[in-house]
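Just below is one structure, and these are the notes that go with it.
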Amino acid sequence: MLLHFLADPGEGHDPHAYRFFEDGLLVVADGRIQAAGPAAELLPALPAGTAVADYRARLIVPGFVDTHVHYPQVDVIASYGAQLLDWLERYTLPAEHRFGDPAHARETADFFLEELLRNGTTTALVFATVHVASVEALFERALARNLRLISGKVLMDRNCPEPLRDTPESGYRDSAALIEKWHGCGRLRYAVSPRFAGMCSEAQLELAGQLAAEHPDVHIQSHLAESVREVQWVRTLFPKSRSYLDVYDRFGLVRERAVYAHCIHLDEQDRRRMAEARAAAAVCPTSNLFLGSGLFDFDAAMRAGMRMGFGTDVGAGTSFGLLRTMHEGYKVAQLRGQRLSPWQAFYLATLGGARALALDEYIGNFAPGKEADFVVLRLDSTPLMMRRVRAAETLQEKLFALMMLGDERNVEATYVMGEPVRLRG
Ligand code: GUN
Ligand code: ZN
């Protein structure tokens, strides 16, 4: 089975938004998609001797896209008993000190990238730490795996431990050098990465905006309106700004290729502004529930026409898996009296995420010419799942069972540029 999206299915079930082939074939050459369609049509046209992998009982979808995750936080995932600002101080920042050490950074980057692939994630927008070495290590390891990945040196110059601080000037200089070296190297891209308004001075945000203006092709990533306490704190730090979003906007940081994690405590004006600027929200339900930060408003974001994708936000998030992220997203929507359909969820985890990252000319679906990053999912990974899927009468029911019951055990194989990089069993 093959499933991919051509458009946003919206809140309902728009049959024009996706293509599904019960007995499908994905034709790949030189790492790119040649065709996706019915096997009966495409098989006879293949050149003699073409290798064919048989995944008939499986579901093939485009590689999952994680629009927000922190690789240096793998060792603090599942840290007990704190909400955002205390969690940062108690667990997260202490763990980030070690990433000035290239050996530690490399070892962690390898673990992290394998974890992405084990979960079927082939593209991610990743926070490193303030240390140049942390970015170098991640890019090196991702380049070796030929991944389409975006990252950047974190900018943070106040309200954090001294050894984790840069300065506006050193942050600017180091970022510019990293852009020069890594942006566009292989499939890698750079993101200017001010951590969040709470830890960046005005001077730092100003230089971040200058970098973003000097390199319109690079991405921007930060955090926005995650918890109530954080929003109140940022208001005291930037009393002249109309809203938290406006802090970033004043410095030219709200534009296409900018991705803001969380976006929970926004108002209508903020949402309209993000939509108009083509900035995107990274929706991180496992993190938001874990830290007790709040409930993302899917309906309001859709009504405003905001771009969005899913983020795992590990280590505040509790899973690397996009299936688990969809599942918690569904529950977040329920708590708001809203519905997240399996169509919308699989769209957000694939093409929606690619659009949020402005990478949809390369990845996100099986349009001919796109890079052949895809994942092979089994629907029978546990006895319960096998039973539930057998009882399902429609594709929608099967997808919903996969989204609500699935995890990395469902990932049978992950392919990057047409090559299997992760095979289970
Ligand atoms: N806000 C600023 N830094 C962070 C972080 O590392 N994780 C989360 N969830 N929120 C943040
Ligand atoms: Zn985060």
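For the structure tokens, the naming scheme is as follows: chains receive sequential letters (A, B, ...) according to their order of presentation, residues are indexed from 1 within each chain, and ligands are indexed from 1 in presentation order.
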
Proximity of stretch 223-327 of chain A to stretch 401-409 of chain A: per-residue shortest pair, 7 Å limit, only C-alpha atoms, as JSON lines:
```
{"residue": "A:Gly321", "atom": "CA", "partner": "A:Asp407", "partner_atom": "CA", "distance": 6.3}
{"residue": "A:Leu323", "atom": "CA", "partner": "A:Met403", "partner_atom": "CA", "distance": 5.3}
{"residue": "A:Arg324", "atom": "CA", "partner": "A:Asp407", "partner_atom": "CA", "distance": 6.0}
{"residue": "A:Met326", "atom": "CA", "partner": "A:Met403", "partner_atom": "CA", "distance": 6.2}
{"residue": "A:His327", "atom": "CA", "partner": "A:Met404", "partner_atom": "CA", "distance": 4.9}
```

Worksheet item: Quick one: residues within 6 Å of ligand 1, with only C-alpha atoms and all ligand atoms, as a ChimeraX atom specification?
Response: /A:195-196,223,316

Selected residues, N, CA, C and O atoms, written as a short mmCIF file (atom, residue, chain, number, x, y, z; two decimals), in the first residue's frame, please.
```cif
data_model
loop_
_atom_site.label_atom_id
_atom_site.label_comp_id
_atom_site.auth_asym_id
_atom_site.auth_seq_id
_atom_site.Cartn_x
_atom_site.Cartn_y
_atom_site.Cartn_z
N ARG A 195 17.42 31.08 21.04
CA ARG A 195 16.72 30.06 21.84
C ARG A 195 15.28 30.46 22.12
O ARG A 195 14.36 29.73 21.84
N PHE A 196 15.10 31.62 22.74
CA PHE A 196 13.77 32.24 22.90
C PHE A 196 13.99 33.60 23.54
O PHE A 196 15.07 33.91 24.03
N HIS A 223 11.48 29.37 20.04
CA HIS A 223 10.31 28.95 20.82
C HIS A 223 9.39 30.14 21.01
O HIS A 223 9.86 31.28 21.14
N ALA A 316 11.84 17.61 26.06
CA ALA A 316 10.59 17.84 26.78
C ALA A 316 9.53 16.90 26.22
O ALA A 316 8.64 16.45 26.94
#
```

Worksheet item: Out of stretch 278-337 of chain A, which residues get strand (DSSP E) from DSSP, as a VMD selection string?
Response: chain A and resid 280 to 283 307 to 310

Write the residues of the selection above to a file with C-alpha atoms, as a CSV table (one decimal), in the first residue's frame.
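Generated output (again18.csv):
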```csv
chain,number,residue,atom,x,y,z
A,280,ALA,CA,5.2,28.1,10.7
A,281,ALA,CA,4.2,26.5,14.0
A,282,ALA,CA,5.9,23.3,15.2
A,283,VAL,CA,3.1,21.6,17.1
A,307,ARG,CA,1.6,26.7,8.3
A,308,MET,CA,2.3,23.9,10.7
A,309,GLY,CA,4.0,20.6,11.2
A,310,PHE,CA,4.5,18.3,14.1
```

Discussion item. At a cut-off of 8 Å around ligand 2, and using only C-alpha atoms and all ligand atoms, what residues come up? Please write them as a list in words.
Written reply: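 Checked against 8 Å with only C-alpha atoms and all ligand atoms; the hits are His68, Val69, His70, Phe127, Ser222, His223, Ala261, Asp313, Val314, Gly315 and Ala316 of chain A.
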
Fewer than 5 positions away in the same chain doesn't count, so skip those; otherwise give me all residues within 12 Å of A:Gln83, counting only C-alpha atoms, as a PDB file with N, CA, C and O atoms, in the first residue's frame.
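The resulting file, out_36.pdb, is shown below:
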```
ATOM      1  N   LEU A  88      13.935  23.705  32.537  1.00  0.00           N
ATOM      2  CA  LEU A  88      15.132  24.199  31.840  1.00  0.00           C
ATOM      3  C   LEU A  88      16.288  24.347  32.817  1.00  0.00           C
ATOM      4  O   LEU A  88      17.406  23.901  32.566  1.00  0.00           O
ATOM      5  N   GLU A  89      16.006  24.963  33.963  1.00  0.00           N
ATOM      6  CA  GLU A  89      17.065  25.260  34.930  1.00  0.00           C
ATOM      7  C   GLU A  89      17.604  24.001  35.610  1.00  0.00           C
ATOM      8  O   GLU A  89      18.809  23.843  35.792  1.00  0.00           O
ATOM      9  N   ARG A  90      16.678  23.105  35.958  1.00  0.00           N
ATOM     10  CA  ARG A  90      17.064  21.949  36.759  1.00  0.00           C
ATOM     11  C   ARG A  90      17.725  20.842  35.930  1.00  0.00           C
ATOM     12  O   ARG A  90      18.658  20.197  36.375  1.00  0.00           O
ATOM     13  N   TYR A  91      17.186  20.602  34.734  1.00  0.00           N
ATOM     14  CA  TYR A  91      17.639  19.433  33.964  1.00  0.00           C
ATOM     15  C   TYR A  91      18.348  19.774  32.651  1.00  0.00           C
ATOM     16  O   TYR A  91      19.360  19.190  32.303  1.00  0.00           O
ATOM     17  N   THR A  92      17.734  20.684  31.883  1.00  0.00           N
ATOM     18  CA  THR A  92      18.095  20.818  30.478  1.00  0.00           C
ATOM     19  C   THR A  92      19.389  21.583  30.288  1.00  0.00           C
ATOM     20  O   THR A  92      20.305  21.110  29.619  1.00  0.00           O
ATOM     21  N   GLU A 226       4.916  29.198  24.854  1.00  0.00           N
ATOM     22  CA  GLU A 226       4.809  27.795  25.251  1.00  0.00           C
ATOM     23  C   GLU A 226       4.032  27.649  26.560  1.00  0.00           C
ATOM     24  O   GLU A 226       3.081  26.879  26.632  1.00  0.00           O
ATOM     25  N   SER A 227       4.449  28.397  27.599  1.00  0.00           N
ATOM     26  CA  SER A 227       3.737  28.273  28.883  1.00  0.00           C
ATOM     27  C   SER A 227       3.279  29.650  29.364  1.00  0.00           C
ATOM     28  O   SER A 227       3.829  30.680  28.968  1.00  0.00           O
ATOM     29  N   VAL A 228       2.302  29.652  30.243  1.00  0.00           N
ATOM     30  CA  VAL A 228       1.745  30.913  30.732  1.00  0.00           C
ATOM     31  C   VAL A 228       2.809  31.724  31.482  1.00  0.00           C
ATOM     32  O   VAL A 228       2.970  32.931  31.262  1.00  0.00           O
ATOM     33  N   ARG A 229       3.563  31.040  32.337  1.00  0.00           N
ATOM     34  CA  ARG A 229       4.609  31.762  33.095  1.00  0.00           C
ATOM     35  C   ARG A 229       5.667  32.362  32.178  1.00  0.00           C
ATOM     36  O   ARG A 229       6.157  33.471  32.405  1.00  0.00           O
ATOM     37  N   GLU A 230       6.034  31.604  31.165  1.00  0.00           N
ATOM     38  CA  GLU A 230       7.036  32.092  30.211  1.00  0.00           C
ATOM     39  C   GLU A 230       6.514  33.330  29.475  1.00  0.00           C
ATOM     40  O   GLU A 230       7.234  34.326  29.306  1.00  0.00           O
ATOM     41  N   SER A 287       5.314  17.057  24.282  1.00  0.00           N
ATOM     42  CA  SER A 287       6.021  17.992  25.147  1.00  0.00           C
ATOM     43  C   SER A 287       5.045  18.857  25.944  1.00  0.00           C
ATOM     44  O   SER A 287       5.207  19.070  27.150  1.00  0.00           O
ATOM     45  N   ASN A 288       4.031  19.356  25.270  1.00  0.00           N
ATOM     46  CA  ASN A 288       3.092  20.271  25.918  1.00  0.00           C
ATOM     47  C   ASN A 288       2.321  19.585  27.037  1.00  0.00           C
ATOM     48  O   ASN A 288       2.022  20.201  28.064  1.00  0.00           O
ATOM     49  N   LEU A 289       2.023  18.300  26.849  1.00  0.00           N
ATOM     50  CA  LEU A 289       1.345  17.559  27.914  1.00  0.00           C
ATOM     51  C   LEU A 289       2.341  17.221  29.024  1.00  0.00           C
ATOM     52  O   LEU A 289       2.037  17.333  30.208  1.00  0.00           O
ATOM     53  N   PHE A 290       3.555  16.818  28.638  1.00  0.00           N
ATOM     54  CA  PHE A 290       4.555  16.422  29.641  1.00  0.00           C
ATOM     55  C   PHE A 290       4.883  17.577  30.583  1.00  0.00           C
ATOM     56  O   PHE A 290       4.962  17.399  31.806  1.00  0.00           O
ATOM     57  N   LEU A 291       5.106  18.775  30.018  1.00  0.00           N
ATOM     58  CA  LEU A 291       5.464  19.932  30.855  1.00  0.00           C
ATOM     59  C   LEU A 291       4.232  20.672  31.384  1.00  0.00           C
ATOM     60  O   LEU A 291       4.362  21.636  32.115  1.00  0.00           O
ATOM     61  N   GLY A 292       3.055  20.213  30.981  1.00  0.00           N
ATOM     62  CA  GLY A 292       1.837  20.907  31.414  1.00  0.00           C
ATOM     63  C   GLY A 292       1.755  22.313  30.865  1.00  0.00           C
ATOM     64  O   GLY A 292       1.252  23.235  31.511  1.00  0.00           O
ATOM     65  N   SER A 293       2.234  22.504  29.615  1.00  0.00           N
ATOM     66  CA  SER A 293       2.338  23.860  29.068  1.00  0.00           C
ATOM     67  C   SER A 293       1.018  24.403  28.545  1.00  0.00           C
ATOM     68  O   SER A 293       0.778  25.604  28.595  1.00  0.00           O
ATOM     69  N   GLY A 294       0.177  23.528  28.008  1.00  0.00           N
ATOM     70  CA  GLY A 294      -1.093  23.991  27.449  1.00  0.00           C
ATOM     71  C   GLY A 294      -1.475  23.166  26.235  1.00  0.00           C
ATOM     72  O   GLY A 294      -0.782  22.214  25.869  1.00  0.00           O
ATOM     73  N   ALA A 316      11.839  17.613  26.063  1.00  0.00           N
ATOM     74  CA  ALA A 316      10.586  17.838  26.779  1.00  0.00           C
ATOM     75  C   ALA A 316       9.526  16.901  26.225  1.00  0.00           C
ATOM     76  O   ALA A 316       8.642  16.449  26.940  1.00  0.00           O
TER      77      ALA A 316
END
```

Discussion item. I need the residue nearest A:Tyr55 from this list: A:Asp23, A:Glu11, A:Asp86, A:Glu393. Use only C-alpha atoms for the distance.
Written reply: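 Once distances to A:Tyr55 are computed over only C-alpha atoms, the minimum belongs to A:Asp23.
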
Worksheet item: Which neighbours of A:Phe21 fall inside 8 Å, counting only C-alpha atoms, when residues of the same chain fewer than 3 positions from it are skipped, and could you give them as a list in words?
Response: Met1, Leu2, Leu3, Gly24, Gly37 and Pro38 of chain A

Worksheet item: Out of A:Asp166, A:Glu328, A:Asp267, A:Asp157, which residue has the shortest atom-to-atom distance to A:Glu202 when counting only C-alpha atoms?
Response: A:Asp157

Item to complete: Can you pull out every residue within 9 Å of A:Trp182, counting only C-alpha atoms, but drop anything in the same chain fewer than 5 positions away, and send it as a PyMOL selection string?
Response: chain A and resi 136+139+177+188-190

I need the residues from that last selection saved to file as an mmCIF file, in the first residue's frame (with N, CA and C atoms), if you can.
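This went into part22.cif:
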```
data_model
loop_
_atom_site.group_PDB
_atom_site.id
_atom_site.type_symbol
_atom_site.label_atom_id
_atom_site.label_comp_id
_atom_site.auth_asym_id
_atom_site.auth_seq_id
_atom_site.Cartn_x
_atom_site.Cartn_y
_atom_site.Cartn_z
ATOM 1 N N GLU A 136 28.756 21.395 14.595
ATOM 2 C CA GLU A 136 29.706 20.687 13.726
ATOM 3 C C GLU A 136 29.486 19.179 13.824
ATOM 4 N N PHE A 139 26.094 18.111 12.120
ATOM 5 C CA PHE A 139 26.153 18.215 10.655
ATOM 6 C C PHE A 139 27.068 17.132 10.061
ATOM 7 N N ALA A 177 29.863 32.003 10.144
ATOM 8 C CA ALA A 177 30.888 31.043 9.692
ATOM 9 C C ALA A 177 30.264 29.671 9.457
ATOM 10 N N LEU A 188 22.158 19.373 3.740
ATOM 11 C CA LEU A 188 22.044 20.106 5.006
ATOM 12 C C LEU A 188 21.687 21.567 4.780
ATOM 13 N N ARG A 189 21.017 22.144 5.754
ATOM 14 C CA ARG A 189 20.692 23.571 5.698
ATOM 15 C C ARG A 189 20.845 24.163 7.093
ATOM 16 N N TYR A 190 20.997 25.467 7.116
ATOM 17 C CA TYR A 190 21.260 26.144 8.386
ATOM 18 C C TYR A 190 20.028 26.881 8.899
#
```

Worksheet item: Of the candidates A:Gly369, A:Arg424, A:Pro9, A:Glu180, which one gets nearest to A:Ala29 if we count only C-alpha atoms?
Response: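 Among the listed residues, A:Gly369 lies closest to A:Ala29.
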
Worksheet item: Excluding same-chain residues fewer than 2 positions from A:Leu348, what lies within 12 Å of it counting only C-alpha atoms, as a PyMOL selection string?
Response: chain A and resi 4-11+62-67+280-284+298+302+307-311+322-323+325-326+329+340-346+350-357+364-365

Residue selection dump (N, CA and C atoms) as a compact mmCIF listing (two decimals), in the first residue's frame:
```
# COMPACT_ATOMS: atom_id res chain seq x y z
N HIS A 4 0.27 9.02 -0.05
CA HIS A 4 0.96 10.30 0.09
C HIS A 4 -0.01 11.43 -0.22
N PHE A 5 0.36 12.62 0.21
CA PHE A 5 -0.53 13.78 0.08
C PHE A 5 -0.06 14.73 -1.00
N LEU A 6 -1.02 15.32 -1.69
CA LEU A 6 -0.72 16.33 -2.69
C LEU A 6 -1.11 17.71 -2.19
N ALA A 7 -1.97 17.72 -1.16
CA ALA A 7 -2.49 18.99 -0.64
C ALA A 7 -2.95 18.77 0.80
N ASP A 8 -3.28 19.87 1.44
CA ASP A 8 -3.79 19.83 2.81
C ASP A 8 -5.22 19.27 2.78
N PRO A 9 -5.47 18.17 3.47
CA PRO A 9 -6.82 17.61 3.45
C PRO A 9 -7.81 18.43 4.26
N GLY A 10 -7.35 19.44 4.98
CA GLY A 10 -8.26 20.26 5.79
C GLY A 10 -8.77 19.46 6.98
N GLU A 11 -9.88 19.94 7.54
CA GLU A 11 -10.37 19.28 8.75
C GLU A 11 -11.08 17.97 8.43
N PRO A 62 5.69 8.83 2.82
CA PRO A 62 6.91 9.64 2.79
C PRO A 62 7.57 9.68 4.18
N GLY A 63 8.88 9.82 4.22
CA GLY A 63 9.59 9.88 5.50
C GLY A 63 8.99 10.96 6.39
N PHE A 64 8.91 10.67 7.67
CA PHE A 64 8.32 11.64 8.60
C PHE A 64 9.24 12.84 8.79
N VAL A 65 8.59 13.98 9.04
CA VAL A 65 9.30 15.25 9.22
C VAL A 65 9.07 15.73 10.65
N ASP A 66 10.14 15.90 11.39
CA ASP A 66 10.07 16.41 12.77
C ASP A 66 10.50 17.88 12.73
N THR A 67 9.56 18.79 12.94
CA THR A 67 9.88 20.21 12.75
C THR A 67 10.45 20.88 14.00
N ALA A 280 5.91 29.34 10.37
CA ALA A 280 5.22 28.09 10.70
C ALA A 280 5.27 27.80 12.19
N ALA A 281 4.26 27.04 12.63
CA ALA A 281 4.24 26.54 14.01
C ALA A 281 4.69 25.09 14.02
N ALA A 282 5.55 24.75 14.97
CA ALA A 282 5.88 23.35 15.23
C ALA A 282 5.01 22.92 16.41
N VAL A 283 4.07 22.02 16.13
CA VAL A 283 3.10 21.61 17.14
C VAL A 283 3.67 20.39 17.89
N CYS A 284 3.82 20.54 19.21
CA CYS A 284 4.58 19.55 19.98
C CYS A 284 3.75 18.97 21.12
N PHE A 298 -5.71 23.69 17.33
CA PHE A 298 -5.63 23.29 15.92
C PHE A 298 -6.62 24.07 15.05
N MET A 302 -5.77 26.47 11.89
CA MET A 302 -6.24 26.16 10.53
C MET A 302 -7.08 27.29 9.96
N ARG A 307 0.86 27.94 8.60
CA ARG A 307 1.60 26.72 8.27
C ARG A 307 1.92 26.00 9.57
N MET A 308 1.85 24.68 9.51
CA MET A 308 2.28 23.94 10.71
C MET A 308 2.74 22.54 10.38
N GLY A 309 3.56 22.01 11.28
CA GLY A 309 4.00 20.63 11.22
C GLY A 309 4.08 20.11 12.64
N PHE A 310 4.38 18.82 12.78
CA PHE A 310 4.55 18.27 14.12
C PHE A 310 6.01 18.33 14.56
N GLY A 311 6.22 18.60 15.84
CA GLY A 311 7.55 18.49 16.43
C GLY A 311 7.49 17.51 17.59
N LEU A 322 6.80 10.11 15.30
CA LEU A 322 5.71 10.95 14.80
C LEU A 322 4.36 10.27 14.99
N LEU A 323 4.33 8.92 15.02
CA LEU A 323 3.05 8.25 15.27
C LEU A 323 2.55 8.60 16.67
N THR A 325 3.36 11.17 18.34
CA THR A 325 3.08 12.60 18.38
C THR A 325 1.68 12.88 17.82
N MET A 326 1.32 12.19 16.72
CA MET A 326 -0.04 12.34 16.17
C MET A 326 -1.07 11.93 17.22
N GLY A 329 -1.47 14.42 19.77
CA GLY A 329 -2.12 15.56 19.12
C GLY A 329 -3.63 15.36 19.07
N LEU A 340 -8.76 15.92 15.32
CA LEU A 340 -7.60 15.82 14.43
C LEU A 340 -7.77 14.52 13.66
N SER A 341 -8.15 14.64 12.39
CA SER A 341 -8.43 13.42 11.60
C SER A 341 -7.12 12.72 11.27
N PRO A 342 -7.17 11.41 11.01
CA PRO A 342 -5.93 10.73 10.60
C PRO A 342 -5.38 11.32 9.31
N TRP A 343 -6.23 11.82 8.44
CA TRP A 343 -5.75 12.45 7.19
C TRP A 343 -4.90 13.67 7.52
N GLN A 344 -5.47 14.52 8.38
CA GLN A 344 -4.74 15.73 8.77
C GLN A 344 -3.45 15.36 9.50
N ALA A 345 -3.51 14.34 10.34
CA ALA A 345 -2.32 13.96 11.12
C ALA A 345 -1.20 13.42 10.22
N PHE A 346 -1.55 12.53 9.28
CA PHE A 346 -0.51 12.00 8.38
C PHE A 346 -0.01 13.09 7.42
N THR A 350 4.01 14.61 7.22
CA THR A 350 4.75 14.44 5.96
C THR A 350 4.80 15.76 5.18
N LEU A 351 3.84 15.93 4.25
CA LEU A 351 3.88 17.13 3.41
C LEU A 351 3.70 18.42 4.20
N GLY A 352 2.85 18.39 5.22
CA GLY A 352 2.65 19.60 6.04
C GLY A 352 3.95 20.02 6.71
N GLY A 353 4.68 19.06 7.25
CA GLY A 353 5.97 19.35 7.87
C GLY A 353 6.96 19.88 6.86
N ALA A 354 6.98 19.26 5.68
CA ALA A 354 7.90 19.71 4.62
C ALA A 354 7.57 21.16 4.22
N ARG A 355 6.29 21.48 4.13
CA ARG A 355 5.89 22.86 3.81
C ARG A 355 6.25 23.83 4.92
N ALA A 356 6.06 23.39 6.16
CA ALA A 356 6.41 24.26 7.30
C ALA A 356 7.90 24.61 7.24
N LEU A 357 8.71 23.66 6.81
CA LEU A 357 10.15 23.90 6.71
C LEU A 357 10.55 24.51 5.37
N GLY A 364 8.46 15.37 1.09
CA GLY A 364 7.10 15.56 1.60
C GLY A 364 6.07 14.67 0.94
N ASN A 365 6.31 14.31 -0.35
CA ASN A 365 5.40 13.36 -1.00
C ASN A 365 6.14 12.64 -2.13
```

Worksheet entry | Contacts of A:Ala258 within 6 Å, only C-alpha atoms, excl. fewer than 3 positions in-chain, as a ChimeraX atom specification | /A:219-221,255,279

Worksheet entry | Every residue of stretch 333-368 of chain A that DSSP places in alpha helix (DSSP H), as a list in words |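 Put together, the selection reads Ala333, Gln334, Leu335, Pro342, Trp343, Gln344, Ala345, Phe346, Tyr347, Gly353, Ala354, Arg355 and Ala356 of chain A.
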
Selection from above, N, CA, C and O atoms, as a short mmCIF file (atom, residue, chain, number, x, y, z; two decimals), in the first residue's frame, can you write it?
```
data_model
loop_
_atom_site.label_atom_id
_atom_site.label_comp_id
_atom_site.auth_asym_id
_atom_site.auth_seq_id
_atom_site.Cartn_x
_atom_site.Cartn_y
_atom_site.Cartn_z
N ALA A 333 -6.41 17.79 20.85
CA ALA A 333 -7.58 18.32 20.14
C ALA A 333 -8.87 17.96 20.90
O ALA A 333 -9.74 18.80 21.10
N GLN A 334 -8.95 16.71 21.36
CA GLN A 334 -10.13 16.29 22.12
C GLN A 334 -10.36 17.16 23.34
O GLN A 334 -11.48 17.53 23.66
N LEU A 335 -9.28 17.48 24.04
CA LEU A 335 -9.41 18.30 25.26
C LEU A 335 -9.92 19.70 24.95
O LEU A 335 -10.38 20.41 25.83
N PRO A 342 -7.17 11.41 11.01
CA PRO A 342 -5.93 10.73 10.60
C PRO A 342 -5.38 11.32 9.31
O PRO A 342 -4.16 11.34 9.11
N TRP A 343 -6.23 11.82 8.44
CA TRP A 343 -5.75 12.45 7.19
C TRP A 343 -4.90 13.67 7.52
O TRP A 343 -3.80 13.84 7.01
N GLN A 344 -5.47 14.52 8.38
CA GLN A 344 -4.74 15.73 8.77
C GLN A 344 -3.45 15.36 9.50
O GLN A 344 -2.40 15.96 9.27
N ALA A 345 -3.51 14.34 10.34
CA ALA A 345 -2.32 13.96 11.12
C ALA A 345 -1.20 13.42 10.22
O ALA A 345 -0.04 13.83 10.35
N PHE A 346 -1.55 12.53 9.28
CA PHE A 346 -0.51 12.00 8.38
C PHE A 346 -0.01 13.09 7.42
O PHE A 346 1.16 13.11 7.05
N TYR A 347 -0.90 14.00 7.06
CA TYR A 347 -0.47 15.14 6.24
C TYR A 347 0.56 15.99 7.01
O TYR A 347 1.63 16.32 6.49
N GLY A 353 4.68 19.06 7.25
CA GLY A 353 5.97 19.35 7.87
C GLY A 353 6.96 19.88 6.86
O GLY A 353 7.70 20.84 7.12
N ALA A 354 6.98 19.26 5.68
CA ALA A 354 7.90 19.71 4.62
C ALA A 354 7.57 21.16 4.22
O ALA A 354 8.46 21.98 4.01
N ARG A 355 6.29 21.48 4.13
CA ARG A 355 5.89 22.86 3.81
C ARG A 355 6.25 23.83 4.92
O ARG A 355 6.68 24.96 4.66
N ALA A 356 6.06 23.39 6.16
CA ALA A 356 6.41 24.26 7.30
C ALA A 356 7.90 24.61 7.24
O ALA A 356 8.29 25.72 7.57
#
```

Discussion item. Nearest residue to A:Ala78 out of A:Gln396, A:Asn410, A:Thr318, A:Ser381, using only C-alpha atoms?
Written reply: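 Among the listed residues, A:Thr318 lies closest to A:Ala78.
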
Worksheet entry | A:Leu395, A:Ile150, A:Ala349, A:Cys200 ranked by distance to A:Leu379, top pick (using only C-alpha atoms) |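 Result for the nearest residue to A:Leu379: A:Leu395.
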
Worksheet entry | Closest of A:Val375, A:Ala144, A:Ile60, A:Cys160 to A:Ala413 - atom-to-atom distances counting only C-alpha atoms | A:Val375
